[in-house]
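Reproduced below: query_13.cif, with mmCIF, C-alpha atoms and all ligand atoms.
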data_final
#
loop_
_atom_site.label_atom_id
_atom_site.label_comp_id
_atom_site.auth_asym_id
_atom_site.auth_seq_id
_atom_site.Cartn_x
_atom_site.Cartn_y
_atom_site.Cartn_z
CA MET A 1 0.21 72.15 -10.60
CA THR A 2 3.79 71.23 -9.74
CA ASN A 3 6.10 73.66 -8.03
CA PHE A 4 8.09 74.01 -11.26
CA ASP A 5 5.02 74.91 -13.36
CA ASP A 6 3.95 77.41 -10.74
CA LEU A 7 7.37 79.06 -10.57
CA MET A 8 7.61 79.08 -14.36
CA LYS A 9 4.27 80.85 -14.69
CA ARG A 10 5.26 83.51 -12.15
CA ARG A 11 8.63 84.11 -13.77
CA VAL A 12 7.20 84.44 -17.27
CA THR A 13 4.58 86.90 -15.96
CA GLU A 14 7.34 88.93 -14.31
CA ILE A 15 9.41 88.96 -17.52
CA LYS A 16 6.40 90.05 -19.59
CA SER A 17 5.82 93.00 -17.30
CA ILE A 18 9.51 94.02 -17.47
CA ILE A 19 9.43 93.85 -21.29
CA LYS A 20 6.25 95.96 -21.45
CA ASN A 21 8.13 98.86 -19.82
CA TYR A 22 10.37 99.10 -22.87
CA LEU A 23 7.68 98.96 -25.57
CA PRO A 24 6.68 102.14 -27.43
CA GLU A 25 3.47 104.10 -26.97
CA GLU A 26 1.21 103.73 -30.01
CA GLU A 27 1.08 107.40 -31.03
CA GLY A 28 2.24 109.89 -33.64
CA TYR A 29 2.34 109.68 -37.43
CA GLN A 30 4.23 106.35 -37.21
CA ARG A 31 1.45 104.90 -35.04
CA THR A 32 0.75 101.93 -37.36
CA LEU A 33 4.38 100.84 -37.18
CA LEU A 34 4.29 101.11 -33.38
CA GLU A 35 1.07 99.08 -33.26
CA ALA A 36 2.69 96.39 -35.40
CA VAL A 37 5.71 96.34 -33.08
CA ASP A 38 3.58 96.06 -29.93
CA TYR A 39 1.27 93.49 -31.51
CA SER A 40 4.22 91.26 -32.42
CA MET A 41 5.78 91.55 -28.96
CA LEU A 42 2.62 91.07 -26.92
CA VAL A 43 0.85 88.40 -28.93
CA GLY A 44 2.33 85.51 -26.94
CA GLY A 45 5.45 83.40 -26.93
CA LYS A 46 7.28 81.47 -24.24
CA LYS A 47 9.80 84.23 -23.38
CA LEU A 48 12.44 81.50 -23.18
CA ARG A 49 15.45 83.66 -24.01
CA PRO A 50 14.82 86.34 -21.34
CA LEU A 51 14.01 83.55 -18.91
CA LEU A 52 17.34 81.82 -19.59
CA MET A 53 19.12 85.18 -19.29
CA GLN A 54 17.46 86.01 -15.99
CA GLN A 55 18.05 82.57 -14.50
CA THR A 56 21.72 82.54 -15.49
CA TYR A 57 21.97 85.97 -13.91
CA VAL A 58 20.44 84.60 -10.71
CA MET A 59 22.80 81.59 -10.86
CA PHE A 60 25.80 83.92 -10.89
CA GLY A 61 24.37 86.09 -8.10
CA GLY A 62 23.65 89.18 -10.22
CA THR A 63 22.48 92.40 -8.56
CA SER A 64 22.92 95.07 -11.28
CA LYS A 65 19.82 96.92 -12.58
CA ALA A 66 21.34 96.67 -16.07
CA ILE A 67 19.66 93.28 -16.62
CA GLY A 68 16.17 94.78 -17.33
CA PRO A 69 16.99 96.42 -20.68
CA PHE A 70 18.82 93.30 -21.85
CA LEU A 71 15.85 91.03 -20.99
CA ALA A 72 13.68 93.20 -23.25
CA ALA A 73 16.33 93.56 -25.95
CA ILE A 74 16.86 89.82 -26.46
CA GLU A 75 13.09 89.25 -26.85
CA MET A 76 12.91 92.15 -29.35
CA ILE A 77 15.67 90.59 -31.47
CA HIS A 78 13.97 87.20 -31.29
CA THR A 79 10.61 88.71 -32.27
CA HIS A 80 12.24 90.59 -35.15
CA SER A 81 13.55 87.25 -36.44
CA LEU A 82 10.12 85.63 -36.20
CA ILE A 83 8.37 88.48 -38.05
CA HIS A 84 10.87 88.25 -40.90
CA ASP A 85 10.97 84.45 -40.87
CA ASP A 86 7.18 84.38 -41.41
CA LEU A 87 7.25 86.76 -44.42
CA PRO A 88 6.09 85.55 -47.86
CA ALA A 89 9.71 85.67 -49.11
CA LEU A 90 10.78 83.28 -46.34
CA ASP A 91 8.45 80.72 -44.72
CA ASN A 92 5.22 82.48 -45.74
CA ASP A 93 3.36 81.52 -42.55
CA GLU A 94 0.00 83.00 -41.62
CA TYR A 95 -0.12 81.98 -37.96
CA ARG A 96 2.38 82.30 -35.13
CA ARG A 97 1.91 82.17 -31.36
CA GLY A 98 -1.75 81.30 -31.95
CA LYS A 99 -2.48 84.55 -33.78
CA LYS A 100 -2.16 85.95 -37.30
CA THR A 101 1.44 86.78 -38.22
CA THR A 102 2.48 90.42 -38.42
CA HIS A 103 2.41 90.54 -42.23
CA ALA A 104 -1.03 88.86 -42.24
CA VAL A 105 -2.40 91.66 -40.04
CA TYR A 106 -0.43 94.73 -41.17
CA GLY A 107 0.68 93.82 -44.71
CA GLU A 108 4.08 92.80 -45.94
CA ALA A 109 5.70 96.24 -46.15
CA MET A 110 4.70 97.20 -42.61
CA ALA A 111 5.87 93.80 -41.30
CA ILE A 112 9.30 94.31 -42.87
CA LEU A 113 9.47 97.71 -41.17
CA ALA A 114 8.22 96.32 -37.83
CA GLY A 115 10.94 93.64 -37.93
CA ASP A 116 13.58 96.27 -38.69
CA ALA A 117 12.15 98.58 -36.03
CA LEU A 118 12.41 95.87 -33.38
CA LEU A 119 15.99 95.05 -34.29
CA ASN A 120 16.89 98.71 -33.88
CA LEU A 121 14.77 99.16 -30.77
CA ALA A 122 16.62 96.22 -29.21
CA TYR A 123 19.90 98.16 -29.32
CA GLU A 124 18.26 101.41 -28.22
CA THR A 125 16.85 99.46 -25.27
CA ALA A 126 20.05 97.60 -24.39
CA ALA A 127 21.89 100.95 -24.49
CA LYS A 128 19.69 102.10 -21.57
CA ALA A 129 21.64 99.66 -19.41
CA PHE A 130 24.62 102.06 -19.52
CA ALA A 131 22.54 104.59 -17.58
CA GLU A 132 21.10 101.94 -15.24
CA ASP A 133 24.58 100.98 -14.04
CA PRO A 134 27.01 103.83 -14.90
CA GLY A 135 30.66 102.88 -15.09
CA ASN A 136 30.07 99.11 -14.94
CA PRO A 137 32.32 97.64 -17.68
CA ASP A 138 30.18 94.47 -17.80
CA VAL A 139 27.42 96.41 -19.58
CA ALA A 140 29.72 97.00 -22.57
CA ARG A 141 30.76 93.30 -22.50
CA ALA A 142 27.09 92.27 -22.57
CA PHE A 143 26.31 94.74 -25.36
CA THR A 144 29.15 93.32 -27.48
CA ILE A 145 27.86 89.75 -27.01
CA LEU A 146 24.32 90.82 -27.97
CA ALA A 147 25.48 92.46 -31.20
CA HIS A 148 27.91 89.68 -32.16
CA LYS A 149 25.50 86.78 -31.58
CA THR A 150 22.73 88.51 -33.55
CA GLY A 151 24.75 89.36 -36.63
CA ILE A 152 26.59 87.73 -39.49
CA TYR A 153 28.60 85.47 -37.18
CA GLY A 154 25.43 84.56 -35.28
CA MET A 155 21.68 84.33 -35.93
CA LEU A 156 21.58 86.28 -39.22
CA GLY A 157 24.55 84.40 -40.66
CA GLY A 158 22.93 81.05 -39.80
CA GLN A 159 19.64 82.12 -41.32
CA SER A 160 21.38 83.13 -44.56
CA VAL A 161 22.91 79.64 -44.94
CA ASP A 162 19.51 78.12 -44.15
CA VAL A 163 17.72 80.22 -46.77
CA GLU A 164 20.39 79.59 -49.39
CA ASN A 165 20.12 75.83 -48.94
CA ALA A 166 16.33 75.45 -48.83
CA GLY A 167 15.34 72.56 -51.07
CA LYS A 168 18.87 71.10 -51.11
CA PRO A 169 20.08 68.03 -49.25
CA LEU A 170 22.34 68.83 -46.29
CA THR A 171 24.78 66.77 -44.26
CA LYS A 172 24.37 66.53 -40.50
CA GLU A 173 27.45 68.78 -40.12
CA GLN A 174 25.96 71.49 -42.36
CA LEU A 175 22.70 71.27 -40.48
CA LEU A 176 24.44 71.58 -37.10
CA PHE A 177 26.29 74.66 -38.38
CA ILE A 178 22.99 76.28 -39.36
CA TYR A 179 21.30 75.36 -36.07
CA SER A 180 24.16 76.51 -33.87
CA LEU A 181 23.91 79.95 -35.48
CA LYS A 182 20.29 80.58 -36.42
CA THR A 183 18.84 79.23 -33.17
CA GLY A 184 21.82 78.60 -30.87
CA ALA A 185 23.39 82.05 -31.10
CA LEU A 186 20.54 83.93 -29.36
CA ILE A 187 20.31 81.27 -26.66
CA GLU A 188 24.08 81.54 -26.16
CA ALA A 189 23.76 85.34 -26.01
CA SER A 190 20.99 85.05 -23.41
CA MET A 191 22.94 82.87 -21.01
CA MET A 192 26.29 84.60 -21.56
CA ILE A 193 24.78 88.06 -20.99
CA GLY A 194 23.07 86.87 -17.79
CA ALA A 195 26.42 85.61 -16.51
CA VAL A 196 28.51 88.56 -17.68
CA LEU A 197 26.15 91.14 -16.14
CA ALA A 198 26.48 89.24 -12.88
CA GLY A 199 30.26 89.62 -13.12
CA ALA A 200 31.28 86.26 -14.66
CA SER A 201 34.82 86.05 -16.05
CA ASP A 202 35.49 85.52 -19.77
CA GLU A 203 36.40 81.87 -19.04
CA GLU A 204 33.10 81.32 -17.22
CA ALA A 205 31.22 83.00 -20.07
CA GLU A 206 32.91 80.63 -22.53
CA GLN A 207 31.90 77.59 -20.51
CA LEU A 208 28.34 78.88 -20.42
CA GLU A 209 28.51 79.37 -24.18
CA GLN A 210 29.19 75.62 -24.52
CA ALA A 211 26.26 74.74 -22.27
CA ALA A 212 23.98 77.17 -24.09
CA ARG A 213 25.05 75.78 -27.47
CA CYS A 214 23.73 72.38 -26.32
CA VAL A 215 20.47 73.97 -25.12
CA GLY A 216 20.10 75.66 -28.52
CA MET A 217 20.75 72.48 -30.43
CA ALA A 218 18.23 70.52 -28.35
CA PHE A 219 15.71 73.33 -28.76
CA GLN A 220 15.98 73.45 -32.56
CA ILE A 221 15.90 69.65 -32.96
CA GLN A 222 12.75 69.58 -30.80
CA ASP A 223 11.36 72.36 -33.02
CA ASP A 224 11.93 70.07 -36.03
CA ILE A 225 10.26 67.17 -34.21
CA LEU A 226 7.23 69.27 -33.26
CA ASP A 227 6.85 70.44 -36.85
CA VAL A 228 6.11 66.79 -37.68
CA THR A 229 4.47 65.42 -34.51
CA GLY A 230 3.07 68.51 -32.77
CA ARG A 231 -0.49 69.81 -32.54
CA GLU A 232 -1.31 73.10 -34.23
CA GLU A 233 -3.45 74.16 -31.25
CA ASP A 234 -0.45 73.71 -28.89
CA LEU A 235 2.12 75.28 -31.18
CA GLY A 236 -0.06 78.17 -32.33
CA LYS A 237 1.24 77.74 -35.88
CA PRO A 238 0.72 75.28 -38.72
CA ILE A 239 2.68 72.03 -38.66
CA ASN A 240 4.57 70.52 -41.63
CA SER A 241 5.97 73.94 -42.49
CA ASP A 242 9.43 72.41 -43.09
CA GLU A 243 8.07 69.93 -45.63
CA ARG A 244 6.12 72.69 -47.37
CA ASN A 245 9.29 74.76 -47.61
CA GLN A 246 11.34 71.74 -48.72
CA LYS A 247 13.63 72.07 -45.71
CA THR A 248 16.17 69.46 -44.77
CA THR A 249 15.77 69.05 -41.00
CA TYR A 250 17.27 66.97 -38.23
CA VAL A 251 14.28 64.64 -38.55
CA THR A 252 14.76 64.12 -42.29
CA VAL A 253 18.51 63.54 -41.84
CA ARG A 254 18.51 61.36 -38.71
CA GLY A 255 14.93 60.08 -38.35
CA LEU A 256 12.46 60.76 -35.56
CA GLU A 257 13.80 58.33 -32.97
CA ALA A 258 17.43 59.46 -33.25
CA ALA A 259 16.25 63.09 -33.17
CA ARG A 260 14.40 62.44 -29.89
CA GLU A 261 17.45 60.74 -28.39
CA ASP A 262 19.68 63.62 -29.41
CA VAL A 263 17.38 66.22 -27.82
CA LYS A 264 17.86 64.32 -24.57
CA LYS A 265 21.62 63.95 -25.06
CA TYR A 266 22.21 67.64 -25.81
CA SER A 267 20.03 68.71 -22.86
CA GLU A 268 21.81 66.39 -20.46
CA GLU A 269 25.18 67.61 -21.71
CA ALA A 270 24.08 71.20 -21.06
CA VAL A 271 23.13 70.26 -17.50
CA ARG A 272 26.45 68.44 -17.04
CA LEU A 273 28.41 71.51 -18.19
CA LEU A 274 26.41 73.77 -15.86
CA GLY A 275 27.04 71.32 -13.03
CA GLU A 276 30.79 71.80 -13.46
CA MET A 277 30.47 75.45 -12.49
CA PRO A 278 30.86 76.57 -8.89
CA TYR A 279 27.34 78.09 -8.86
CA GLU A 280 23.92 76.50 -8.83
CA ASN A 281 20.40 77.21 -10.01
CA GLU A 282 18.03 74.29 -9.62
CA PHE A 283 15.25 76.03 -11.54
CA LEU A 284 17.53 76.62 -14.55
CA THR A 285 18.53 72.94 -14.59
CA GLU A 286 14.89 71.88 -14.39
CA LEU A 287 13.94 74.30 -17.14
CA ILE A 288 16.54 72.81 -19.51
CA LEU A 289 15.34 69.29 -18.72
CA HIS A 290 11.66 70.26 -19.11
CA LEU A 291 12.40 71.53 -22.63
CA ILE A 292 13.16 67.93 -23.70
CA ASP A 293 9.46 67.08 -23.59
CA ARG A 294 8.05 70.44 -24.59
CA THR A 295 4.96 70.39 -26.78
CA ILE A 296 4.72 74.16 -27.35
C1 LIG A 301 16.18 89.56 -42.11
C2 LIG A 301 14.84 88.54 -44.02
C3 LIG A 301 15.40 88.45 -42.66
C4 LIG A 301 15.15 87.35 -41.95
C5 LIG A 301 15.62 87.17 -40.58
C6 LIG A 301 17.11 85.91 -38.63
C7 LIG A 301 15.84 85.33 -39.07
C8 LIG A 301 14.99 85.96 -40.07
C9 LIG A 301 15.39 84.23 -38.55
C10 LIG A 301 16.15 83.52 -37.49
C11 LIG A 301 15.95 82.14 -37.59
C12 LIG A 301 14.79 81.60 -36.84
C13 LIG A 301 13.43 82.19 -36.92
C14 LIG A 301 15.06 80.52 -36.17
C15 LIG A 301 14.02 79.78 -35.48
C16 LIG A 301 14.36 79.66 -34.07
C17 LIG A 301 13.17 79.15 -33.35
C18 LIG A 301 13.08 77.71 -33.02
C19 LIG A 301 12.18 79.99 -33.05
C20 LIG A 301 10.99 79.67 -32.24
O1 LIG A 301 11.31 80.09 -30.93
P1 LIG A 301 10.28 79.90 -29.73
O2 LIG A 301 9.68 78.54 -29.80
O3 LIG A 301 9.19 80.97 -30.11
O4 LIG A 301 10.98 80.29 -28.48
P2 LIG A 301 8.17 81.75 -29.13
O5 LIG A 301 7.01 82.10 -30.02
O6 LIG A 301 7.79 80.85 -28.00
O7 LIG A 301 8.91 82.98 -28.68
#
Would it be possible to restate this file's structure as C-alpha cells?
Amino acid sequence: MTNFDDLMKRRVTEIKSIIKNYLPEEEGYQRTLLEAVDYSMLVGGKKLRPLLMQQTYVMFGGTSKAIGPFLAAIEMIHTHSLIHDDLPALDNDEYRRGKKTTHAVYGEAMAILAGDALLNLAYETAAKAFAEDPGNPDVARAFTILAHKTGIYGMLGGQSVDVENAGKPLTKEQLLFIYSLKTGALIEASMMIGAVLAGASDEEAEQLEQAARCVGMAFQIQDDILDVTGREEDLGKPINSDERNQKTTYVTVRGLEAAREDVKKYSEEAVRLLGEMPYENEFLTELILHLIDRTI
C-alpha cells in the first residue's frame, strides 16, 4: 500500500468517526425515520466532501473546533441529495454505495422524509459550531457559504435544471452550468468552508472557489465516464443509469476520449490554482490528482 493510500484510509476513518458523533440515536416514536437517516449516512461512501473540507482547513492552518460540525453537515447535505436523487420520481435507482437505496429499504415516503430530515439536521449540526467557537465571525461566514451553495443558486438549482432537461439535447455550455451547480457547488462549499474557518480572507476564499469548481467539474465528468465504463461492483450502483434516464452527459456531448482528457485538464488546473496560493498541502494536491483515475 502506498503512503497516499494509507493516509487516505486513516483520514476517511477519522472523518467517519467525527460524523458519527452528530448522528441521532434511533429511539422514540420517530425511530424509523432516525433509522433511515443513520442507514443512509453509515452505509458507505467516499466522504470526499468532508475530506476536501478538512484538508483545505489543514492547508490554511486551521485550529478552531468549529470544523467538526461542518464536516458532518456537508456529508448530511450530500447524503440528502443522494437519497432524493435515487427516488422513483428522479433516477429510480435501487442500489447505491453497494447497498439498497433508502427508498428500497424504507419505502418512498420514509425516504423523502429521511432526505428532508438530513437537510434540516445539517443546519442544526452546523449551528453547533457557534457554540464550539463563540464569537468567531468565521463561523457565520462558513454557515452562509453552506446555505448558499446548497440552495437555489447552488446544488438544488443545478438539479432543477438537470431534471427539467432530462431527455433533451443540451449544449456543452448548458451541461457545464448544470455540473457547476449540481455537483460543483457542494465541492466549492467544502473547500471554501475549510479555508474560511481557518481564517482565509474573502479573496482567498474566491480563489479556492475557482480551484474547487475545477475539482467539481472533473469529478462530475468522471462520474459520467464511470457510468459507461465502470464496474458495478466497484461503484456499488448500476451502470448505464444516464442512458436509462435519457440523460445528456459529458460523454454523449464530447465523446469518451475528450471527456477523459478534460477530467485531467480540470484537475491539473485546480492544482495550478492551489499552487498559486501562499499555503501548501501535498496530500490535498495528491488527492485531486488521484481522482482523475478513480474507479469508485
Ligand atoms: C429535492 C427531489 C429533490 C432532489 C434533490 C439535489 C439533488 C436531489 C441531487 C443533487 C445532484 C446530485 C445527486 C449530483 C450528483 C453528484 C455526484 C457525482 C454524486 C456522487 O458523489 P460521490 O461519488 O458519492 O462522492 P459517495 O457515495 O462516494 O458519497
Between A:Thr295, A:Gln246, A:Asn281, A:Thr252, single out the one closest to ligand LIG 301 (chain A), counting only C-alpha atoms and all ligand atoms. A:Thr295
Could you report the residues within 6 Å of ligand LIG 301 (chain A), using only C-alpha atoms and all ligand atoms, as a PyMOL selection string? chain A and resi 45-48+81-82+84-85+97+155-156+159+182-183+220+223
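With distances restricted to all atoms listed in the file, A:Pro24 is the closest residue to Ala117 of chain A from A:Pro137, A:Gly255, A:Gly216, A:Pro24.
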Would you work out the distance separating atom CA of His103 of chain A from atom CA of Met217 of chain A, expressed in Å to one decimal? 28.3 Å
Just the residues within 10 Å of Gly62 of chain A, please, counting all atoms listed in the file, with nothing from its chain fewer than 4 positions along; format it as a list in words. Gln54, Gln55, Thr56, Tyr57, Val58, Ala66, Ile67, Gly194, Ala195, Val196, Leu197, Ala198, Gly199 and Ala200 of chain A
Grab the residues selected above and save them as a PDB file, keeping the file's coordinate frame with C-alpha atoms.
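The file below, out14.pdb, is the result:
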ATOM      1  CA  GLN A  54      17.460  86.010 -15.990  1.00  0.00           C
ATOM      2  CA  GLN A  55      18.050  82.570 -14.500  1.00  0.00           C
ATOM      3  CA  THR A  56      21.720  82.540 -15.490  1.00  0.00           C
ATOM      4  CA  TYR A  57      21.970  85.970 -13.910  1.00  0.00           C
ATOM      5  CA  VAL A  58      20.440  84.600 -10.710  1.00  0.00           C
ATOM      6  CA  ALA A  66      21.340  96.670 -16.070  1.00  0.00           C
ATOM      7  CA  ILE A  67      19.660  93.280 -16.620  1.00  0.00           C
ATOM      8  CA  GLY A 194      23.070  86.870 -17.790  1.00  0.00           C
ATOM      9  CA  ALA A 195      26.420  85.610 -16.510  1.00  0.00           C
ATOM     10  CA  VAL A 196      28.510  88.560 -17.680  1.00  0.00           C
ATOM     11  CA  LEU A 197      26.150  91.140 -16.140  1.00  0.00           C
ATOM     12  CA  ALA A 198      26.480  89.240 -12.880  1.00  0.00           C
ATOM     13  CA  GLY A 199      30.260  89.620 -13.120  1.00  0.00           C
ATOM     14  CA  ALA A 200      31.280  86.260 -14.660  1.00  0.00           C
TER      15      ALA A 200
END
Can you work out the spacing between atom CA of Glu280 of chain A and atom CA of Phe60 of chain A in Å, to one decimal? 7.9 Å
Please tell me which residues are no farther than 12 Å from (33.2, 93.3, -23.5) in the file, counting all atoms listed in the file, and write them as a ChimeraX atom specification. /A:136-148,192-193,196-197,199-202,205
Here is a test: counting all atoms listed in the file, which residue of A:Asp91, A:Lys168, A:Gly28, A:Leu274 is nearest to Glu204 of chain A?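 Closest to Glu204 of chain A, using all atoms listed in the file: A:Leu274.
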If we count only C-alpha atoms and set the cut-off at 8 Å, which residues sit around Ser40 of chain A, ignoring sequence neighbours fewer than 5 positions away in its own chain? Please answer as a list in words. Thr79, Ile83, Thr101 and Thr102 of chain A
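Proximity ranking of A:Ala36, A:Ala218, A:Leu71, A:Ala114 relative to Pro50 of chain A places A:Leu71 first, based on all atoms listed in the file.
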What does the structure give for the distance between atom CA of Gly68 of chain A and atom CA of Ile15 of chain A, in Å to one decimal?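 A separation of 8.9 Å between them.
The nearest approach to Tyr22 of chain A among the residues A:Leu256, A:Ala129, A:Leu90, A:Leu289, with all atoms listed in the file taken into account, belongs to A:Ala129.
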Judged by all atoms listed in the file, the minimum distance to Ala73 of chain A among A:Arg31, A:Lys128, A:Lys100, A:Lys9 is found for A:Lys128
At most 9 Å from (20.2, 81.0, -29.7), file frame, all atoms listed in the file: which residues, as a PyMOL selection string? chain A and resi 49+78+149-150+154-155+179-190+212-213+215-217+219
Residue contacts of Glu233 of chain A (9 Å, all atoms listed in the file) excluding same-chain residues fewer than 4 positions away, as a PyMOL selection string: chain A and resi 98+237-238
Output file for the residues above (C-alpha atoms, as a PDB file, keeping the file's coordinate frame):
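See part_13.pdb below for the written result:
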ATOM      1  CA  GLY A  98      -1.750  81.300 -31.950  1.00  0.00           C
ATOM      2  CA  LYS A 237       1.240  77.740 -35.880  1.00  0.00           C
ATOM      3  CA  PRO A 238       0.720  75.280 -38.720  1.00  0.00           C
TER       4      PRO A 238
END
Would you pick out the contacts of Val105 of chain A at 10 Å or less, using only C-alpha atoms, so that residues sharing its chain but fewer than 6 positions from it are not included, and give the list as JSON, numbers by chain? {"A": [36, 39, 94, 99, 111]}
